[in-house]
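**Student:** First the structure, then my questions, so here it is.
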Protein chains: 2
Amino acid sequence: MTKVAAGITTSLDGYVTGPGDGPGRGLGEGGERLHWWVFGGPWTYQDGARGQATGVDKAYLEEAEARFGAVVAGRTTYDVTGAWGGRNPFGVPMFVVTHRLEDAPPPDSGFRFAAGVGEAVAAAREAAGGRDVSVMGGAEVIRQALAAGLVDELSVTIAPVVLGGGKRLFDGFDQTVVLEHAGLRQSPFATHLTYRVQTPASRTAP
Amino acid sequence: MTKVAAGITTSLDGYVTGPGDGPGRGLGEGGERLHWWVFGGPWTYQDGARGQATGVDKAYLEEAEARFGAVVAGRTTYDVTGAWGGRNPFGVPMFVVTHRLEDAPPPDSGFRFAAGVGEAVAAAREAAGGRDVSVMGGAEVIRQALAAGLVDELSVTIAPVVLGGGKRLFDGFDQTVVLEHAGLRQSPFATHLTYRVQTPASRTAP
């Protein structure tokens, strides 16, 4: 059965960006360190030469790639990445949550716009062909999906840094969600925590 | 050489209490779940019958007990616990950070008051007899010690719950602290993350 898995990387103080993120400024001041695990070590927004994930981090990425049949992302993520250069790079259907449906990309870009997280997740489930659905972020879409009780599994990758500012994964999230441990791995660059969601915020506890 | 180790338990969204904590209300709504690991499972503020830590959690507590030669706590923690019944229960010297030195407890209580975190940590180092110093919290004292560059090791125990409100460990903390993994254990009730502090906030990076 298709599971919906949300996953994102934060600092130990819960930020998904450093202070001052935005277009041309990547993940903000110090935010590169969040994704050392993705690139196998230090990298910069300016420097084109990025390494590859290794070891535990590589396995983590490869397992995600093998598992997901569709991806849901938020509009900010889509915009900040420049729509990944204009073409869906994930090799599976991708749904972007946005209130601005009017500037939808051309069909052959591989992106589809959806008016809300519920609609996006439903379409992604349909498109995933029995595989799992990834809610890749950003933080707002993950909060919306969690609050709507749409998430079966939540992964938080914690980079070993306190950023002291930026955008928090759980900013403004005021519901209780009971979790159960479902996975734990650590590389020099990150701790990958995976949880099963036991009481999704919008459902009644069993 | 004596190391200063700060440690505290948070929810996945970074809260050290649930919403509405305070005297008589313990760790606030849902806050008990933060410390299931300490008591081996569910417990309540009202219920006197609390279990014991088991397995990984028990080992974690026992290693702390064996390691620390002095403890530093904040005044709120001291007050909320009712000064642990009026007597230092830790078996080692204990220093309480407070601005209200005038209501110091009697010397035979085993508590000593200190006017600031720097003074408390210095006195605790002196008293620890070559063993390590624990900064046990609350959150404010840990933030102050981190900001002052006094912490060599930071442990955050993450309970598998999103609380959606309460007091955040890193509320108002606006400095960058680079960390390095130094320990990782997980029980059904908690993930114990330990970090070496690489660039304490107040020191220059090496």
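Residues in the structure tokens are numbered from 1 in each chain, the chains being A, B, ... in the order shown, and ligands are numbered from 1 in the order shown.
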Give me, as JSON lines, each residue of stretch 56-167 of chain A that comes within 6 Å of stretch 182-202 of chain A, together with its shortest interatomic pair and the distance in Å at one decimal, counting only C-alpha atoms, with rows ordered by chain and rising residue number.

**Tutor:**
{"residue": "A:Val56", "atom": "CA", "partner": "A:Ser187", "partner_atom": "CA", "distance": 5.8}
{"residue": "A:Ala147", "atom": "CA", "partner": "A:Ala201", "partner_atom": "CA", "distance": 5.2}
{"residue": "A:Ala148", "atom": "CA", "partner": "A:Ser202", "partner_atom": "CA", "distance": 5.4}
{"residue": "A:Gly149", "atom": "CA", "partner": "A:Pro200", "partner_atom": "CA", "distance": 4.5}
{"residue": "A:Asp152", "atom": "CA", "partner": "A:Val197", "partner_atom": "CA", "distance": 5.3}
{"residue": "A:Glu153", "atom": "CA", "partner": "A:Arg196", "partner_atom": "CA", "distance": 4.5}
{"residue": "A:Leu154", "atom": "CA", "partner": "A:Tyr195", "partner_atom": "CA", "distance": 5.2}
{"residue": "A:Ser155", "atom": "CA", "partner": "A:Thr194", "partner_atom": "CA", "distance": 4.2}
{"residue": "A:Val156", "atom": "CA", "partner": "A:Leu193", "partner_atom": "CA", "distance": 5.3}
{"residue": "A:Thr157", "atom": "CA", "partner": "A:His192", "partner_atom": "CA", "distance": 4.3}
{"residue": "A:Ile158", "atom": "CA", "partner": "A:Thr191", "partner_atom": "CA", "distance": 5.1}
{"residue": "A:Ala159", "atom": "CA", "partner": "A:Ala190", "partner_atom": "CA", "distance": 4.5}

**Student:** Please extract the residues of chain B with a backbone DSSP assignment of alpha helix (DSSP H) and present them as a ChimeraX atom specification.

**Tutor:** /B:36-39,55-67,75-80,117-127,139-147

**Student:** Keeping only N, CA and C atoms, write those residues as a tab-separated table (two decimals), in the first residue's frame.

**Tutor:**
chain	number	residue	atom	x	y	z
B	36	TRP	N	9.24	9.72	29.10
B	36	TRP	CA	8.96	8.29	29.16
B	36	TRP	C	10.26	7.50	29.28
B	37	TRP	N	11.30	7.99	28.63
B	37	TRP	CA	12.58	7.26	28.66
B	37	TRP	C	13.15	7.19	30.07
B	38	VAL	N	12.86	8.20	30.89
B	38	VAL	CA	13.41	8.22	32.26
B	38	VAL	C	12.69	7.21	33.15
B	39	PHE	N	11.40	7.01	32.88
B	39	PHE	CA	10.57	6.18	33.75
B	39	PHE	C	10.16	4.87	33.10
B	55	GLY	N	17.21	-0.67	29.76
B	55	GLY	CA	18.01	-0.83	28.54
B	55	GLY	C	18.93	0.34	28.26
B	56	VAL	N	18.86	0.80	27.05
B	56	VAL	CA	19.70	1.90	26.58
B	56	VAL	C	19.52	3.14	27.46
B	57	ASP	N	18.29	3.40	27.85
B	57	ASP	CA	18.02	4.60	28.66
B	57	ASP	C	18.66	4.49	30.04
B	58	LYS	N	18.57	3.31	30.62
B	58	LYS	CA	19.18	3.07	31.93
B	58	LYS	C	20.70	3.25	31.85
B	59	ALA	N	21.30	2.68	30.81
B	59	ALA	CA	22.75	2.82	30.64
B	59	ALA	C	23.14	4.29	30.48
B	60	TYR	N	22.33	5.01	29.75
B	60	TYR	CA	22.60	6.44	29.53
B	60	TYR	C	22.61	7.20	30.85
B	61	LEU	N	21.63	6.93	31.69
B	61	LEU	CA	21.55	7.60	33.00
B	61	LEU	C	22.71	7.17	33.92
B	62	GLU	N	23.02	5.89	33.89
B	62	GLU	CA	24.08	5.39	34.78
B	62	GLU	C	25.45	5.94	34.39
B	63	GLU	N	25.67	6.06	33.07
B	63	GLU	CA	26.94	6.62	32.64
B	63	GLU	C	27.06	8.08	33.04
B	64	ALA	N	25.95	8.81	32.98
B	64	ALA	CA	25.97	10.21	33.42
B	64	ALA	C	26.30	10.28	34.91
B	65	GLU	N	25.65	9.44	35.67
B	65	GLU	CA	25.86	9.46	37.11
B	65	GLU	C	27.32	9.16	37.47
B	66	ALA	N	27.90	8.21	36.74
B	66	ALA	CA	29.27	7.82	37.03
B	66	ALA	C	30.28	8.90	36.63
B	67	ARG	N	29.87	9.73	35.71
B	67	ARG	CA	30.82	10.64	35.08
B	67	ARG	C	30.91	12.01	35.73
B	75	ARG	N	17.62	28.39	38.07
B	75	ARG	CA	16.74	28.67	39.20
B	75	ARG	C	15.32	28.17	38.95
B	76	THR	N	14.86	28.26	37.71
B	76	THR	CA	13.50	27.79	37.41
B	76	THR	C	13.38	26.29	37.65
B	77	THR	N	14.39	25.55	37.20
B	77	THR	CA	14.40	24.10	37.42
B	77	THR	C	14.37	23.80	38.92
B	78	TYR	N	15.18	24.54	39.66
B	78	TYR	CA	15.24	24.39	41.12
B	78	TYR	C	13.87	24.67	41.74
B	79	ASP	N	13.22	25.73	41.27
B	79	ASP	CA	11.92	26.09	41.84
B	79	ASP	C	10.83	25.10	41.43
B	80	VAL	N	10.82	24.74	40.14
B	80	VAL	CA	9.75	23.87	39.63
B	80	VAL	C	9.77	22.50	40.31
B	117	VAL	N	25.91	32.11	35.15
B	117	VAL	CA	26.28	30.78	34.67
B	117	VAL	C	27.79	30.60	34.65
B	118	GLY	N	28.52	31.70	34.37
B	118	GLY	CA	29.98	31.62	34.38
B	118	GLY	C	30.52	31.27	35.75
B	119	GLU	N	29.99	31.94	36.75
B	119	GLU	CA	30.40	31.68	38.12
B	119	GLU	C	30.01	30.26	38.55
B	120	ALA	N	28.81	29.83	38.17
B	120	ALA	CA	28.35	28.49	38.53
B	120	ALA	C	29.22	27.41	37.90
B	121	VAL	N	29.54	27.59	36.62
B	121	VAL	CA	30.35	26.57	35.93
B	121	VAL	C	31.77	26.55	36.49
B	122	ALA	N	32.31	27.74	36.78
B	122	ALA	CA	33.66	27.79	37.36
B	122	ALA	C	33.70	27.09	38.71
B	123	ALA	N	32.70	27.35	39.54
B	123	ALA	CA	32.64	26.72	40.86
B	123	ALA	C	32.44	25.21	40.73
B	124	ALA	N	31.64	24.81	39.75
B	124	ALA	CA	31.38	23.39	39.55
B	124	ALA	C	32.64	22.66	39.06
B	125	ARG	N	33.37	23.31	38.16
B	125	ARG	CA	34.66	22.74	37.72
B	125	ARG	C	35.58	22.49	38.91
B	126	GLU	N	35.66	23.49	39.75
B	126	GLU	CA	36.51	23.42	40.94
B	126	GLU	C	36.08	22.26	41.85
B	127	ALA	N	34.76	22.14	41.99
B	127	ALA	CA	34.20	21.16	42.93
B	127	ALA	C	34.18	19.74	42.37
B	139	ALA	N	16.44	25.03	29.90
B	139	ALA	CA	16.84	25.52	28.59
B	139	ALA	C	17.61	26.83	28.67
B	140	GLU	N	17.19	27.73	29.53
B	140	GLU	CA	17.83	29.05	29.58
B	140	GLU	C	19.28	28.95	30.03
B	141	VAL	N	19.54	28.15	31.03
B	141	VAL	CA	20.92	27.99	31.50
B	141	VAL	C	21.79	27.32	30.43
B	142	ILE	N	21.21	26.37	29.70
B	142	ILE	CA	21.98	25.73	28.62
B	142	ILE	C	22.29	26.75	27.52
B	143	ARG	N	21.30	27.55	27.17
B	143	ARG	CA	21.56	28.60	26.16
B	143	ARG	C	22.64	29.57	26.64
B	144	GLN	N	22.56	29.98	27.89
B	144	GLN	CA	23.56	30.92	28.43
B	144	GLN	C	24.96	30.30	28.41
B	145	ALA	N	25.03	29.04	28.80
B	145	ALA	CA	26.34	28.37	28.84
B	145	ALA	C	26.90	28.19	27.42
B	146	LEU	N	26.02	27.82	26.48
B	146	LEU	CA	26.44	27.68	25.08
B	146	LEU	C	26.92	29.02	24.53
B	147	ALA	N	26.14	30.07	24.78
B	147	ALA	CA	26.47	31.40	24.25
B	147	ALA	C	27.78	31.91	24.83

**Student:** What is the distance, in Å and to one decimal place, between atom CA of A:Phe68 and atom CA of A:Arg112?

**Tutor:**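 Separation between atom CA of A:Phe68 and atom CA of A:Arg112: 16.6 Å.
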
**Student:** Mind listing as an mmCIF file with C-alpha atoms, in the first residue's frame which residues of chain A are within 7 Å of chain B, counting only C-alpha atoms?

**Tutor:**
data_model
loop_
_atom_site.group_PDB
_atom_site.id
_atom_site.type_symbol
_atom_site.label_atom_id
_atom_site.label_comp_id
_atom_site.auth_asym_id
_atom_site.auth_seq_id
_atom_site.Cartn_x
_atom_site.Cartn_y
_atom_site.Cartn_z
ATOM 1 C CA ASP A 13 17.826 23.959 16.487
ATOM 2 C CA GLY A 14 15.224 23.006 13.906
ATOM 3 C CA PRO A 160 25.366 18.778 13.347
ATOM 4 C CA VAL A 161 25.067 22.536 13.640
ATOM 5 C CA VAL A 162 23.102 25.133 15.589
ATOM 6 C CA LEU A 163 22.247 27.852 13.057
ATOM 7 C CA GLY A 164 20.708 30.400 15.419
ATOM 8 C CA GLY A 165 18.208 31.689 12.858
ATOM 9 C CA PHE A 170 7.802 23.532 12.891
ATOM 10 C CA PHE A 173 2.723 24.226 13.966
ATOM 11 C CA ASP A 174 0.523 23.905 17.060
ATOM 12 C CA GLN A 175 -0.740 20.323 17.000
ATOM 13 C CA THR A 176 0.461 17.226 18.806
ATOM 14 C CA VAL A 177 1.676 14.333 16.685
ATOM 15 C CA VAL A 178 2.661 11.096 18.380
ATOM 16 C CA LEU A 179 5.506 9.275 16.639
ATOM 17 C CA GLU A 180 7.214 5.901 16.755
ATOM 18 C CA HIS A 181 10.824 5.212 15.829
ATOM 19 C CA PRO A 188 29.739 12.277 9.873
#

**Student:** How many Å lie between atom CA of B:Gly116 and atom CA of B:Asp21, rounded to one decimal?

**Tutor:**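 Pair atom CA of B:Gly116 / atom CA of B:Asp21 returns 24.2 Å.
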
**Student:** Could you state the separation of atom CA of B:Val71 and atom CA of B:Met136 in Å, given to one decimal place?

**Tutor:** 6.9 Å

**Student:** With only C-alpha atoms as the atoms that count, which of A:Pro42, A:Pro105, A:Gly28, A:Gly7 lies nearest to A:Gly86?

**Tutor:**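 Of all the options, A:Pro105 lies closest to A:Gly86.
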